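Undergrad: Structure: run_28.cif, mmCIF, C-alpha atoms.
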```cif
data_data
#
loop_
_atom_site.label_atom_id
_atom_site.label_comp_id
_atom_site.auth_asym_id
_atom_site.auth_seq_id
_atom_site.Cartn_x
_atom_site.Cartn_y
_atom_site.Cartn_z
CA MET A 1 -66.76 90.96 75.06
CA VAL A 2 -63.04 90.33 75.38
CA LEU A 3 -61.88 87.61 77.75
CA GLY A 4 -58.40 87.46 79.23
CA PRO A 5 -55.58 85.39 77.70
CA VAL A 6 -55.55 81.64 78.21
CA SER A 7 -54.08 80.84 81.63
CA TYR A 8 -52.50 77.72 83.06
CA LEU A 9 -55.78 77.10 84.90
CA ASP A 10 -57.58 77.24 81.55
CA CYS A 11 -55.15 74.62 80.20
CA VAL A 12 -55.91 72.30 83.12
CA VAL A 13 -59.68 72.73 82.71
CA PHE A 14 -59.38 72.17 78.95
CA CYS A 15 -57.69 68.82 79.65
CA VAL A 16 -60.51 67.93 82.06
CA PHE A 17 -63.07 68.50 79.28
CA LEU A 18 -60.85 66.78 76.72
CA ALA A 19 -60.06 63.52 78.52
CA PRO A 20 -63.55 61.94 78.57
CA GLN A 21 -64.18 62.98 74.96
CA LEU A 22 -60.99 61.26 73.85
CA ILE A 23 -62.07 58.09 75.60
CA ILE A 24 -65.56 58.30 74.04
CA HIS A 25 -64.49 59.11 70.47
CA VAL A 26 -61.04 57.55 70.22
CA GLY A 27 -61.11 54.80 72.83
CA LEU A 28 -59.29 54.28 76.10
CA LEU A 29 -56.48 52.17 74.64
CA GLU A 30 -55.58 54.54 71.80
CA THR A 31 -55.83 57.54 74.13
CA VAL A 32 -53.40 55.92 76.56
CA LEU A 33 -51.04 54.98 73.73
CA VAL A 34 -51.02 58.53 72.37
CA VAL A 35 -50.33 59.92 75.87
CA LEU A 36 -47.47 57.48 76.33
CA GLN A 37 -46.10 58.44 72.91
CA CYS A 38 -46.12 62.12 73.90
CA LEU A 39 -44.51 61.69 77.33
CA PRO A 40 -40.86 61.64 76.17
CA PHE A 41 -41.45 64.87 74.27
CA LEU A 42 -43.28 66.56 77.16
CA LEU A 43 -40.88 65.42 79.88
CA PHE A 44 -37.51 65.63 78.15
CA GLU A 45 -37.40 66.99 74.58
CA LEU A 46 -39.72 69.98 75.10
CA PRO A 47 -38.06 71.45 78.24
CA PHE A 48 -34.56 70.82 76.86
CA GLN A 49 -35.29 72.47 73.50
CA PHE A 50 -37.23 75.31 75.10
CA ILE A 51 -34.47 76.23 77.55
CA ARG A 52 -31.63 75.78 75.05
CA GLU A 53 -33.19 77.62 72.11
CA ARG A 54 -34.72 80.40 74.18
CA TYR A 55 -32.07 81.12 76.79
CA LEU A 56 -28.78 79.47 75.83
CA VAL A 57 -28.30 80.48 72.19
CA GLY A 58 -27.69 83.95 70.85
CA TYR A 59 -30.53 86.13 69.60
CA ASN A 60 -29.34 85.91 65.99
CA LYS A 61 -29.45 82.11 66.13
CA GLN A 62 -33.03 81.98 67.38
CA SER A 63 -35.86 81.39 64.92
CA PRO A 64 -37.70 84.58 63.85
CA PHE A 65 -40.78 83.53 65.82
CA VAL A 66 -38.85 82.82 69.03
CA GLN A 67 -37.23 86.24 68.73
CA LYS A 68 -40.60 87.97 68.99
CA ALA A 69 -42.67 85.49 71.04
CA SER A 70 -43.25 85.51 74.79
CA PRO A 71 -42.17 82.39 76.74
CA PHE A 72 -45.79 81.23 76.97
CA GLU A 73 -46.42 81.74 73.24
CA ASP A 74 -43.18 79.93 72.42
CA PHE A 75 -43.98 77.02 74.76
CA VAL A 76 -47.50 76.48 73.43
CA ILE A 77 -46.47 76.68 69.76
CA ARG A 78 -43.78 74.04 70.37
CA CYS A 79 -46.49 71.74 71.73
CA VAL A 80 -48.76 72.48 68.76
CA ARG A 81 -45.89 71.80 66.33
CA TYR A 82 -45.26 68.40 67.89
CA ALA A 83 -48.96 67.55 67.94
CA PHE A 84 -49.51 68.53 64.31
CA ALA A 85 -46.64 66.31 63.18
CA ASN A 86 -47.19 63.33 65.48
CA VAL A 87 -50.74 63.09 66.85
CA PRO A 88 -53.20 61.20 64.60
CA PRO A 89 -55.91 63.46 63.13
CA ASN A 90 -58.73 61.37 64.64
CA VAL A 91 -57.26 62.32 68.03
CA GLY A 92 -56.48 65.90 67.09
CA ARG A 93 -59.99 66.63 65.87
CA VAL A 94 -61.40 65.90 69.34
CA PHE A 95 -59.40 68.87 70.69
CA PHE A 96 -61.40 71.23 68.45
CA SER A 97 -64.79 69.53 68.68
CA LYS A 98 -68.00 71.02 70.05
CA PRO A 99 -68.13 68.81 73.21
CA VAL A 100 -64.73 70.19 74.24
CA ALA A 101 -64.66 73.71 72.81
CA LEU A 102 -68.13 74.84 73.93
CA PRO A 103 -67.90 73.93 77.64
CA PHE A 104 -64.36 75.35 77.67
CA LEU A 105 -65.64 78.69 76.34
CA ARG A 106 -68.42 78.67 78.93
CA PHE A 107 -65.84 78.08 81.66
CA ARG A 108 -63.72 80.98 80.41
CA MET A 109 -66.79 83.22 80.37
CA LEU A 110 -67.69 82.16 83.90
CA ARG A 111 -64.13 82.82 85.05
CA HIS A 112 -64.49 86.37 83.72
CA GLY A 113 -67.88 86.95 85.35
CA TYR A 114 -70.23 86.07 82.49
CA LEU A 115 -73.01 83.62 83.34
CA ARG A 116 -74.05 83.68 79.69
CA SER A 117 -72.67 85.18 76.50
CA PRO A 118 -73.22 88.97 76.35
CA ILE A 119 -73.39 88.63 72.55
CA HIS A 120 -76.21 86.65 70.98
CA TRP A 121 -75.31 83.49 69.10
CA HIS A 122 -77.28 80.46 68.02
CA GLU A 123 -76.82 77.27 66.04
CA TYR A 124 -78.34 76.97 62.61
CA LYS A 125 -79.00 73.59 61.03
CA ASP A 126 -80.26 72.87 57.54
CA ARG A 127 -80.38 69.58 55.68
CA ARG A 128 -77.63 70.94 53.39
CA PHE A 129 -75.30 72.60 55.94
CA LYS A 130 -74.91 73.72 59.53
CA GLY A 131 -73.24 76.60 61.28
CA ILE A 132 -73.42 79.29 63.94
CA TRP A 133 -74.95 82.75 63.73
CA VAL A 134 -73.38 85.47 65.88
CA ILE A 135 -75.23 88.79 65.82
CA LYS A 136 -75.36 91.90 67.97
CA ASP A 137 -79.15 92.32 67.72
CA PRO A 138 -80.97 89.21 66.43
CA ILE A 139 -84.15 91.18 65.79
CA ALA A 140 -82.66 93.91 63.59
CA LYS A 141 -81.23 93.50 60.09
CA PRO A 142 -77.40 93.30 60.01
CA ASP A 143 -75.52 96.13 58.31
CA ILE A 144 -72.45 93.91 57.77
CA CYS A 145 -72.03 90.15 57.78
CA VAL A 146 -68.86 88.07 57.78
CA PHE A 147 -69.27 84.60 56.26
CA TYR A 148 -66.51 82.53 57.88
CA ALA A 149 -65.03 79.08 57.25
CA HIS A 150 -62.65 77.73 59.89
CA GLY A 151 -59.26 76.14 59.35
CA GLY A 152 -57.90 72.78 60.45
CA GLY A 153 -56.44 71.06 57.40
CA PHE A 154 -59.94 69.90 56.30
CA SER A 155 -59.59 67.16 58.94
CA MET A 156 -59.91 69.08 62.22
CA GLY A 157 -61.55 72.19 63.63
CA SER A 158 -65.10 73.37 64.21
CA ALA A 159 -67.07 76.60 64.30
CA TYR A 160 -67.37 76.11 68.08
CA PHE A 161 -63.60 76.18 68.58
CA TYR A 162 -63.56 79.55 66.80
CA LEU A 163 -66.56 80.96 68.64
CA GLU A 164 -64.60 83.15 71.09
CA PHE A 165 -62.55 84.47 68.16
CA LEU A 166 -65.74 85.32 66.25
CA LEU A 167 -67.42 86.95 69.26
CA ILE A 168 -64.46 89.28 69.68
CA TRP A 169 -64.34 89.99 65.93
CA LEU A 170 -68.00 91.00 66.06
CA ASN A 171 -67.23 93.26 69.01
CA LEU A 172 -64.41 94.93 67.05
CA LEU A 173 -66.66 95.40 64.02
CA SER A 174 -69.14 97.14 66.31
CA ASP A 175 -66.32 99.38 67.59
CA THR A 176 -65.56 100.50 64.02
CA GLY A 177 -69.05 101.95 63.73
CA TYR A 178 -71.33 99.18 62.43
CA GLN A 179 -74.71 99.26 64.16
CA ASN A 180 -75.55 95.57 63.92
CA PRO A 181 -72.67 93.37 62.75
CA ALA A 182 -73.19 89.65 62.24
CA VAL A 183 -71.05 86.58 61.58
CA PHE A 184 -72.09 83.27 60.11
CA ALA A 185 -69.56 80.49 60.76
CA LEU A 186 -69.87 77.44 58.53
CA ASP A 187 -69.36 74.07 60.25
CA TYR A 188 -68.47 72.01 57.18
CA THR A 189 -67.99 68.23 56.99
CA LEU A 190 -64.44 67.10 57.70
CA VAL A 191 -62.35 64.51 55.90
CA PRO A 192 -62.28 61.55 55.75
CA GLU A 193 -66.07 61.53 56.33
CA ALA A 194 -66.50 63.45 53.06
CA SER A 195 -64.30 64.87 50.33
CA PHE A 196 -64.70 67.39 47.51
CA PRO A 197 -67.20 68.62 46.41
CA THR A 198 -69.14 68.17 49.68
CA GLN A 199 -67.44 71.07 51.48
CA LEU A 200 -67.93 73.40 48.50
CA GLU A 201 -71.59 72.38 48.20
CA GLU A 202 -72.09 73.17 51.89
CA ALA A 203 -70.38 76.54 51.43
CA ILE A 204 -72.62 77.38 48.44
CA ALA A 205 -75.77 76.47 50.37
CA ALA A 206 -74.65 78.37 53.46
CA TYR A 207 -73.69 81.43 51.41
CA GLU A 208 -77.13 81.37 49.74
CA HIS A 209 -78.67 81.32 53.23
CA VAL A 210 -76.58 84.31 54.32
CA LEU A 211 -77.37 86.14 51.09
CA SER A 212 -81.11 85.58 51.58
CA THR A 213 -80.81 86.90 55.14
CA ILE A 214 -78.67 89.98 54.44
CA ARG A 215 -80.28 90.67 51.02
CA ASP A 216 -77.46 92.97 49.89
CA PRO A 217 -74.34 91.04 48.71
CA ASN A 218 -72.26 94.22 49.04
CA ARG A 219 -72.76 94.01 52.84
CA ILE A 220 -71.21 90.52 52.97
CA CYS A 221 -67.52 89.82 53.51
CA VAL A 222 -66.49 86.20 52.96
CA SER A 223 -63.57 85.04 55.05
CA GLY A 224 -61.67 82.07 56.39
CA ASP A 225 -58.32 80.88 57.64
CA SER A 226 -56.10 78.10 56.29
CA ALA A 227 -58.26 75.31 54.80
CA GLY A 228 -61.37 77.39 55.41
CA ALA A 229 -59.87 80.14 53.26
CA THR A 230 -59.30 77.52 50.55
CA ILE A 231 -63.00 76.64 50.59
CA VAL A 232 -63.96 80.32 50.40
CA LEU A 233 -61.58 80.93 47.49
CA SER A 234 -63.12 77.91 45.77
CA LEU A 235 -66.55 79.41 46.45
CA LEU A 236 -65.54 82.66 44.73
CA LEU A 237 -64.14 80.76 41.73
CA HIS A 238 -67.28 78.64 41.54
CA LEU A 239 -69.60 81.66 41.60
CA ALA A 240 -67.66 83.02 38.63
CA ASN A 241 -67.73 79.73 36.69
CA ILE A 242 -70.54 77.43 37.79
CA SER A 243 -70.04 75.06 34.86
CA ARG A 244 -66.76 73.63 36.17
CA HIS A 245 -67.25 70.14 37.67
CA LEU A 246 -71.00 70.72 37.63
CA GLU A 247 -71.56 67.02 36.86
CA LYS A 248 -69.87 66.10 40.16
CA MET A 249 -71.97 68.43 42.31
CA ASP A 250 -75.50 68.34 43.70
CA SER A 251 -78.25 70.82 42.83
CA THR A 252 -76.48 73.69 44.62
CA GLY A 253 -73.92 73.74 41.82
CA VAL A 254 -76.32 75.36 39.37
CA TRP A 255 -77.35 78.22 41.66
CA ARG A 256 -76.41 81.61 40.25
CA LEU A 257 -75.61 83.76 43.26
CA ALA A 258 -74.30 87.31 43.47
CA LYS A 259 -70.70 87.51 44.58
CA PRO A 260 -69.95 89.14 47.96
CA GLY A 261 -68.72 92.68 48.44
CA MET A 262 -65.34 91.76 49.93
CA ALA A 263 -63.10 88.87 50.99
CA VAL A 264 -60.64 88.64 53.89
CA PHE A 265 -58.24 85.71 54.24
CA ILE A 266 -55.98 84.62 57.08
CA SER A 267 -53.06 82.41 56.01
CA PRO A 268 -54.94 80.85 53.08
CA TRP A 269 -53.87 77.39 51.93
CA VAL A 270 -53.86 78.56 48.33
CA THR A 271 -52.05 75.61 46.73
CA LEU A 272 -52.94 72.24 48.23
CA VAL A 273 -49.76 70.39 47.21
CA SER A 274 -46.62 72.29 46.34
CA ASN A 275 -42.86 71.79 46.36
CA GLU A 276 -42.70 75.26 47.91
CA HIS A 277 -44.25 73.90 51.12
CA ARG A 278 -41.29 73.36 53.40
CA ASN A 279 -41.21 73.09 57.17
CA THR A 280 -39.71 76.11 58.91
CA THR A 281 -38.08 76.46 62.33
CA SER A 282 -40.83 78.92 63.33
CA ASP A 283 -44.09 77.49 62.02
CA TYR A 284 -46.06 74.64 63.55
CA LEU A 285 -47.41 73.18 60.29
CA ASP A 286 -45.97 69.97 58.85
CA ALA A 287 -45.79 69.88 55.05
CA GLY A 288 -45.99 66.08 54.82
CA ASN A 289 -49.21 65.86 56.84
CA LEU A 290 -50.69 68.78 54.93
CA HIS A 291 -50.21 66.99 51.62
CA HIS A 292 -51.85 63.88 53.08
CA TYR A 293 -54.90 65.91 54.17
CA ALA A 294 -55.01 67.60 50.76
CA CYS A 295 -55.23 64.25 48.99
CA GLN A 296 -58.00 63.17 51.35
CA TYR A 297 -59.89 66.37 50.57
CA ALA A 298 -59.54 65.93 46.80
CA GLY A 299 -60.73 62.33 47.03
CA GLU A 300 -60.96 60.25 43.88
CA LYS A 301 -63.18 62.48 41.71
CA VAL A 302 -60.87 65.43 41.06
CA SER A 303 -57.11 66.01 40.85
CA VAL A 304 -55.52 67.66 43.88
CA SER A 305 -54.02 70.18 41.45
CA ASP A 306 -57.37 71.25 39.98
CA PRO A 307 -57.65 75.07 40.25
CA LEU A 308 -61.14 74.91 41.74
CA LEU A 309 -59.76 72.88 44.68
CA SER A 310 -56.32 74.46 44.70
CA PRO A 311 -56.90 78.14 43.83
CA GLY A 312 -53.19 78.92 43.69
CA ASN A 313 -53.07 76.84 40.51
CA CYS A 314 -55.64 79.06 38.80
CA ARG A 315 -53.77 81.40 36.45
CA ASP A 316 -56.77 82.37 34.36
CA VAL A 317 -56.85 86.16 34.74
CA SER A 318 -60.38 86.55 33.42
CA TRP A 319 -61.65 83.91 35.86
CA TRP A 320 -60.07 85.70 38.82
CA LYS A 321 -61.42 89.09 37.68
CA ARG A 322 -64.92 87.65 37.55
CA ALA A 323 -64.43 85.98 40.94
CA ALA A 324 -62.90 88.89 42.85
CA PRO A 325 -65.37 90.85 45.02
CA SER A 326 -66.03 94.44 43.97
CA LYS A 327 -64.30 95.80 47.08
CA GLY A 328 -61.36 93.49 46.58
CA MET A 329 -59.57 90.96 48.76
CA PHE A 330 -57.33 91.33 51.79
CA VAL A 331 -54.79 88.68 52.78
CA ALA A 332 -52.96 88.49 56.12
CA TYR A 333 -50.21 85.91 56.61
CA GLY A 334 -46.95 85.27 58.41
CA ALA A 335 -43.53 85.53 56.79
CA GLU A 336 -42.38 82.32 58.49
CA GLU A 337 -45.31 80.04 57.74
CA VAL A 338 -45.14 76.99 55.49
CA PHE A 339 -47.66 78.54 53.08
CA ALA A 340 -45.86 81.90 52.77
CA PRO A 341 -44.13 81.32 49.38
CA GLU A 342 -47.33 80.19 47.66
CA ILE A 343 -49.42 82.97 49.25
CA ALA A 344 -46.91 85.61 48.16
CA ASP A 345 -46.81 84.15 44.65
CA LEU A 346 -50.59 84.28 44.24
CA ILE A 347 -50.77 87.84 45.60
CA ARG A 348 -48.05 88.85 43.15
CA PHE A 349 -50.02 87.26 40.30
CA TRP A 350 -53.17 89.15 41.32
CA GLU A 351 -51.30 92.45 41.58
CA GLU A 352 -49.58 92.05 38.20
CA ASN A 353 -52.94 91.40 36.55
CA ASP A 354 -54.93 94.17 38.26
CA VAL A 355 -57.02 91.88 40.44
CA LYS A 356 -57.87 94.08 43.42
CA VAL A 357 -55.96 92.81 46.47
CA ARG A 358 -54.29 94.20 49.55
CA SER A 359 -52.05 92.22 51.86
CA ARG A 360 -50.14 92.35 55.11
CA VAL A 361 -47.28 90.01 55.88
CA GLU A 362 -46.14 89.87 59.50
CA LYS A 363 -42.40 89.64 60.04
CA GLY A 364 -41.63 86.57 62.13
CA GLY A 365 -45.30 85.59 61.94
CA ILE A 366 -46.49 82.00 61.75
CA HIS A 367 -49.61 80.32 60.40
CA ALA A 368 -52.96 81.88 61.36
CA TRP A 369 -51.27 84.04 63.98
CA PRO A 370 -54.19 86.52 64.28
CA VAL A 371 -56.26 83.57 65.55
CA ALA A 372 -53.61 82.05 67.82
CA ARG A 373 -52.39 85.30 69.35
CA LEU A 374 -55.91 86.09 70.54
CA PHE A 375 -55.56 83.25 73.05
CA LEU A 376 -51.82 83.33 73.75
CA SER A 377 -50.61 86.94 73.88
CA SER A 378 -50.66 88.71 77.22
CA SER A 379 -51.57 92.34 76.47
CA LEU A 380 -54.99 93.27 75.13
CA GLU A 381 -53.42 95.32 72.32
CA ASP A 382 -51.29 92.40 71.11
CA ARG A 383 -54.15 89.92 71.35
CA GLN A 384 -56.50 92.05 69.27
CA LYS A 385 -53.93 93.45 66.85
CA GLY A 386 -54.52 91.00 63.99
CA LEU A 387 -58.28 90.95 64.32
CA LYS A 388 -58.51 94.72 64.64
CA SER A 389 -56.66 95.16 61.35
CA LEU A 390 -59.19 92.85 59.67
CA ALA A 391 -62.12 94.76 61.17
CA ASP A 392 -60.61 98.05 60.01
CA GLU A 393 -60.07 96.70 56.48
CA ILE A 394 -63.71 95.70 56.26
CA ARG A 395 -64.92 99.04 57.60
CA ASN A 396 -62.67 101.01 55.23
CA ASN A 397 -64.06 99.17 52.21
CA ILE A 398 -67.66 98.54 53.25
CA PRO A 399 -68.63 101.80 54.99
#
```
I need this file expressed as structure tokens, please.
TA:
Amino acid sequence: MVLGPVSYLDCVVFCVFLAPQLIIHVGLLETVLVVLQCLPFLLFELPFQFIRERYLVGYNKQSPFVQKASPFEDFVIRCVRYAFANVPPNVGRVFFSKPVALPFLRFRMLRHGYLRSPIHWHEYKDRRFKGIWVIKDPIAKPDICVFYAHGGGFSMGSAYFYLEFLLIWLNLLSDTGYQNPAVFALDYTLVPEASFPTQLEEAIAAYEHVLSTIRDPNRICVSGDSAGATIVLSLLLHLANISRHLEKMDSTGVWRLAKPGMAVFISPWVTLVSNEHRNTTSDYLDAGNLHHYACQYAGEKVSVSDPLLSPGNCRDVSWWKRAAPSKGMFVAYGAEEVFAPEIADLIRFWEENDVKVRSRVEKGGIHAWPVARLFLSSSLEDRQKGLKSLADEIRNNIP
């Protein structure tokens, strides 16, 4: 199942679903104030900057992303960049919430002729965690399973917002030759409702559930983007050293679980707070807000620089060698994203110390572009390009 790119009609319908949820969860007054705050940008700054930087300056003076992006991609990313820097997270999280994302996906399916999802998916709730199972045949045993944690700066995002992305990924895994691929998407608790180690505890419990379902850890590929990739990296480090911060964790912390066969990361937030995080003219992330979210995630129990929370700070070679999956890790990221210097530095450290890793850096690419381009790019080949490379990597290493 591959739906068409997001259209202007989709944008209008998304706003129709969004508006009442903002009023319910944020309040009418704050919603109106945020809209009024955004109006000068939407009416004046956005069109002026868009026209000037896209059509009135020379190619060599354009940002690397603008040079390669379509007008629609460029326009949407400018809006996202403004929102990430200026819209309060309690407002932003509503955009990605289940009551908005799920009916929007159903509308997109209906617009493409699907009365219901052609791929089976269902919610899974446990007292320790919750998430979504996506599976080709729910009766048969999966021959590959992706354990996925979504991004969103620990403060936004949901498995439901990523559901279309995951459905297409499962379809691409099937195209590579897997008979019954599956995906489990963890819907972890966001900050400020909870901080570390809650998210790691939920990941441990959810991974144990996936492991008990699949039975063979070598058929599991753990994955995530941005903050979700941070949680998955922390999961790998924890599985290799369960004694660290054990006194701060619940009973899941003592579970000895087999490590997965492989790991795939999209734009991982490897170092939570770093002087190397600098805003770029291409990317939509804002370094200042990221550091604020990082401190919220760390909470008061553990330092934000602790290597279990901030894997980029872990320079213990033996720890990484115990943590790395047997089939290695694959990292995809954009050359222009805020996290690029820290991602490249960690990959270089792994390579120099014979920790099995492969990587692909996209020239002119921005944060989590394989996810964003699925919705924004116009051609089917461009939209699936990033995801297809991930599916191929998994297939090449877990035949």
Undergrad: Please indicate the distance in Å from atom CA of A:Gly312 to atom CA of A:Ser97, rounded to one decimal place.
TA: 29.1 Å
Undergrad: For the point (-79.3, 87.5, 51.8) in file coordinates, what residues are within 12 Å, counting only C-alpha atoms? Give the answer as a PyMOL selection string?
TA: chain A and resi 141-145+147+184+205-220+257-260
Undergrad: Between A:His150, A:Thr31, A:Arg78, A:Ala19, which one has atoms that come closest to A:Leu46, using only C-alpha atoms?
TA: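 Distance minimum relative to A:Leu46 lands on A:Arg78.
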Undergrad: Step by step: start from the point (-39.3, 85.9, 62.7) in the file's coordinates, keep every protein, DNA or RNA residue that has an atom no farther than 8 Å from it, count all atoms listed in the file, and write the set as an MDAnalysis selection string.
TA: chainID A and resid 63:68 282 335:336 363:365
Undergrad: Find the residues near A:Gly157: any atom within 12 Å, counting only C-alpha atoms, skip ones fewer than 6 places away on the same chain, and give them as a list in words.
TA: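 That gives Pro89, Asn90, Val91, Gly92, Arg93, Val94, Phe95, Phe96, Ser97, Lys98, Val100, Ala101, Ala149, His150, Gly151, Leu163, Ala185, Leu186, Asp187, Tyr188, Thr189, Leu190, Val191, Asp225, Ser226, Ala227 and Gly228 of chain A.
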Undergrad: Of the residues A:Ala287, A:Val317, A:Ile266, A:Leu36, which is the one nearest to A:Ile343, using all atoms listed in the file?
TA: A:Ile266
Undergrad: What does the distance from atom CA of A:Trp369 to atom CA of A:Met1 come to in Å, to one decimal?
TA: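 Between atom CA of A:Trp369 and atom CA of A:Met1 the gap is 20.3 Å.
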Undergrad: Give me the result of the PyMOL selection byres ((chain A and resi 379-391) around 7) on this file, residue by residue, as a PyMOL selection string.
TA: chain A and resi 169+172-173+370+373-374+377-378+392-395
Undergrad: How would the residues just picked look written out with C-alpha atoms as a tab-separated table (two decimals), in the coordinates of the input?
TA:
```
chain	number	residue	atom	x	y	z
A	169	TRP	CA	-64.34	89.99	65.93
A	172	LEU	CA	-64.41	94.93	67.05
A	173	LEU	CA	-66.66	95.40	64.02
A	370	PRO	CA	-54.19	86.52	64.28
A	373	ARG	CA	-52.39	85.30	69.35
A	374	LEU	CA	-55.91	86.09	70.54
A	377	SER	CA	-50.61	86.94	73.88
A	378	SER	CA	-50.66	88.71	77.22
A	392	ASP	CA	-60.61	98.05	60.01
A	393	GLU	CA	-60.07	96.70	56.48
A	394	ILE	CA	-63.71	95.70	56.26
A	395	ARG	CA	-64.92	99.04	57.60
```
Undergrad: Check the smallest atom-to-atom distance from each of A:Met329, A:Ala340, A:Ala298, A:Met249 to A:Arg358 using all atoms listed in the file, then report the winner.
TA: A:Met329
Undergrad: Which residues are close to A:Thr271, i.e. within 7 Å by only C-alpha atoms, leaving aside same-chain residues fewer than 2 positions away? Reply as an mmCIF file with C-alpha atoms, in the coordinates of the input.
TA:
```
data_model
loop_
_atom_site.group_PDB
_atom_site.id
_atom_site.type_symbol
_atom_site.label_atom_id
_atom_site.label_comp_id
_atom_site.auth_asym_id
_atom_site.auth_seq_id
_atom_site.Cartn_x
_atom_site.Cartn_y
_atom_site.Cartn_z
ATOM 1 C CA TRP A 269 -53.870 77.390 51.930
ATOM 2 C CA VAL A 273 -49.760 70.390 47.210
ATOM 3 C CA SER A 274 -46.620 72.290 46.340
ATOM 4 C CA SER A 310 -56.320 74.460 44.700
ATOM 5 C CA PRO A 311 -56.900 78.140 43.830
ATOM 6 C CA GLY A 312 -53.190 78.920 43.690
ATOM 7 C CA ASN A 313 -53.070 76.840 40.510
ATOM 8 C CA GLU A 342 -47.330 80.190 47.660
#
```
Undergrad: Kindly give the distance, in Å, that separates atom CA of A:Phe375 and atom CA of A:Cys11, rounded to a single decimal.
TA: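 Computing it gives 11.2 Å between the two atoms.
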Undergrad: How would stretch 162-175 of chain A read, as an mmCIF file, in the frame of the given file, once N, CA, C and O atoms are built in?
TA:
```cif
data_model
loop_
_atom_site.group_PDB
_atom_site.id
_atom_site.type_symbol
_atom_site.label_atom_id
_atom_site.label_comp_id
_atom_site.auth_asym_id
_atom_site.auth_seq_id
_atom_site.Cartn_x
_atom_site.Cartn_y
_atom_site.Cartn_z
ATOM 1 N N TYR A 162 -63.831 78.176 67.209
ATOM 2 C CA TYR A 162 -63.560 79.550 66.800
ATOM 3 C C TYR A 162 -64.543 80.547 67.394
ATOM 4 O O TYR A 162 -64.461 81.743 67.099
ATOM 5 N N LEU A 163 -65.467 80.092 68.210
ATOM 6 C CA LEU A 163 -66.560 80.960 68.640
ATOM 7 C C LEU A 163 -66.061 82.172 69.425
ATOM 8 O O LEU A 163 -66.534 83.302 69.185
ATOM 9 N N GLU A 164 -65.118 81.997 70.340
ATOM 10 C CA GLU A 164 -64.600 83.150 71.090
ATOM 11 C C GLU A 164 -63.941 84.150 70.133
ATOM 12 O O GLU A 164 -64.133 85.364 70.254
ATOM 13 N N PHE A 165 -63.175 83.647 69.186
ATOM 14 C CA PHE A 165 -62.550 84.470 68.160
ATOM 15 C C PHE A 165 -63.598 85.288 67.402
ATOM 16 O O PHE A 165 -63.439 86.499 67.176
ATOM 17 N N LEU A 166 -64.695 84.653 67.030
ATOM 18 C CA LEU A 166 -65.740 85.320 66.250
ATOM 19 C C LEU A 166 -66.525 86.325 67.095
ATOM 20 O O LEU A 166 -66.927 87.381 66.595
ATOM 21 N N LEU A 167 -66.739 86.008 68.364
ATOM 22 C CA LEU A 167 -67.420 86.950 69.260
ATOM 23 C C LEU A 167 -66.617 88.240 69.405
ATOM 24 O O LEU A 167 -67.168 89.344 69.391
ATOM 25 N N ILE A 168 -65.313 88.090 69.537
ATOM 26 C CA ILE A 168 -64.460 89.280 69.680
ATOM 27 C C ILE A 168 -64.391 90.046 68.364
ATOM 28 O O ILE A 168 -64.386 91.285 68.350
ATOM 29 N N TRP A 169 -64.345 89.321 67.241
ATOM 30 C CA TRP A 169 -64.340 89.990 65.930
ATOM 31 C C TRP A 169 -65.605 90.822 65.765
ATOM 32 O O TRP A 169 -65.559 91.963 65.295
ATOM 33 N N LEU A 170 -66.745 90.253 66.152
ATOM 34 C CA LEU A 170 -68.000 91.000 66.060
ATOM 35 C C LEU A 170 -67.953 92.244 66.933
ATOM 36 O O LEU A 170 -68.413 93.317 66.535
ATOM 37 N N ASN A 171 -67.360 92.116 68.108
ATOM 38 C CA ASN A 171 -67.230 93.260 69.010
ATOM 39 C C ASN A 171 -66.371 94.356 68.378
ATOM 40 O O ASN A 171 -66.689 95.551 68.469
ATOM 41 N N LEU A 172 -65.289 93.959 67.702
ATOM 42 C CA LEU A 172 -64.410 94.930 67.050
ATOM 43 C C LEU A 172 -65.088 95.573 65.842
ATOM 44 O O LEU A 172 -64.877 96.761 65.571
ATOM 45 N N LEU A 173 -65.899 94.817 65.127
ATOM 46 C CA LEU A 173 -66.660 95.400 64.020
ATOM 47 C C LEU A 173 -67.638 96.448 64.539
ATOM 48 O O LEU A 173 -67.819 97.499 63.919
ATOM 49 N N SER A 174 -68.232 96.165 65.687
ATOM 50 C CA SER A 174 -69.140 97.140 66.310
ATOM 51 C C SER A 174 -68.367 98.407 66.701
ATOM 52 O O SER A 174 -68.868 99.525 66.523
ATOM 53 N N ASP A 175 -67.138 98.236 67.184
ATOM 54 C CA ASP A 175 -66.320 99.380 67.590
ATOM 55 C C ASP A 175 -65.952 100.275 66.403
ATOM 56 O O ASP A 175 -65.709 101.469 66.577
#
```
